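What follows is a short report on a single structure.
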Amino acid sequence: MSSYSAFITGATRGIGAAVAEGLAQKGYRLAIGGRDGQRLSDKAEDLSNRYHIPCLVLPGDVGREDYVKQAFQSIDEKLGPLDVLINNAGISYIGLLTEMDVLEWEQVIQTNLTSVFLCCKYGAARMLQRKSGKIINISSVWGNVGASCEAAYSASKGGVNALTKALGKELAPSQIQVNAIACGIIDTEMNQCFSLEERRALEDEVPCGRFASPKEVSQMVNSLLEAPSYFTGQVITMDGGWI
Ligand code: NDP
């Protein structure tokens, strides 16, 4: 069993919940975030009971600095030194750029990109004290190539990719790894907006012929956590051969 600790943002469901479960299985002490406090508490209770690990619940909006600052203080007090930060929380927005208002734009950027800046700021400050730590950002293939009708989302994930590469360089001398996983299509609530017909069409586009499961992203996260420390500043695409 591991005695490492990890903070996973957006762990109430989907990829974040699967990553939390994968780390709980390995014995990690966890802190999990998300806005839905009840769902988060239920998740934490379930993980604590099944894997006999402490699981700290940190409900709130990860795009806000007051929340992130408080969350890291709670981690210091209740979980101890942080080994792993998984920046996963995110929202999608599908629509024409010309019809998007600035508040909608800001919400996407704040939730998907500012959140990563804030968690890296407070998380890395702690990791730097020990010259040790790993940060994994959950990004998207749209951050690599851009998607029509998802300009804000693509911009936010492109920002996450650039931040990953820059911060990887900045923190490498301090033995802190920063990498990102650029996901293709993962079977989560985020994609429930698609009709069955649209889903089939998307599956046909992917050489693997299907959406990935959140568990597969969790497996990728676990593999990255095992990677040699020389592996940093990288954006790894996991898309079934799609893009
Ligand atoms: P889900 O919608 O299933 O889950 C999103 C998670 O983020 C939830 O736990 C949600 O919790 C949390 N969240 C959203 N906004 C906030 C906020 N402001 N503050 C705190 N938590 C928040 O999506 P996925 O699991 O699919 O997505 C996870 C990540 O993976 C995202 O960054 C997404 O962009 C990325 N991704 C997903 C892909 C996919 O095909 N599904 C493809 C590529 C990337 P709550 O609602 O309780 O706040």
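Ordered as shown in the structure tokens, chains take letters A, B, and onward, while each chain numbers its residues from 1 and ligands are numbered from 1 in the order shown.
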Members of segment 105-180 of chain A assigned alpha helix (DSSP H) by DSSP, as a VMD selection string: chain A and resid 105 to 109 115 to 130 142 to 145 151 to 171
Kindly compile the residues surrounding ligand 1 within 6 Å, counting only C-alpha atoms and all ligand atoms, and format them as a PyMOL selection string. chain A and resi 10-16+34-36+60-63+88-91+111+138-140+183-191
Residues of segment 20-229 of chain A in strand (DSSP E) according to DSSP, as an NGL selection string? :A and (29-34 or 55-59 or 84-87 or 133-140 or 176-183)
Taking into account only C-alpha atoms, which residue in the set A:Ile86, A:Ile176, A:Ala152, A:Cys120 is nearest to Glu106 of chain A? A:Ala152
Of the residues A:Phe72, A:Trp105, A:Phe194, A:Tyr93, which is the one nearest to Glu150 of chain A, using only C-alpha atoms? A:Tyr93
With distances taken over only C-alpha atoms, which of A:Leu128, A:Leu40, A:Ile135, A:Ala6 is nearest to Ile75 of chain A?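 Closest residue, counting only C-alpha atoms: A:Ala6.
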My list of candidates is A:Leu103, A:Val160, A:Val84, A:Cys149. Which is closest to Met127 of chain A when distances are computed with only C-alpha atoms?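 Using only C-alpha atoms, Met127 of chain A sits closest to A:Val84.
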Might you pull out every residue within 12 Å of Asp46 of chain A, with only C-alpha atoms counted and same-chain residues fewer than 6 positions away left off, and present them as number ranges by chain? A: 12, 17, 20-21, 24, 39-40, 52-55
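Our summary of the geometry notes that atom CA of Thr232 of chain A is positioned 22.4 Å from atom CA of Lys26 of chain A.
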Find the distance between atom CA of Lys121 of chain A and atom CA of Glu65 of chain A and write it in Å to one decimal. 10.0 Å
From the list A:Gly168, A:Gly133, A:Pro81, A:Pro214, the nearest residue to Gln234 of chain A using only C-alpha atoms is A:Gly168
A straight line from atom CA of Tyr4 of chain A to atom CA of Leu47 of chain A spans 15.6 Å
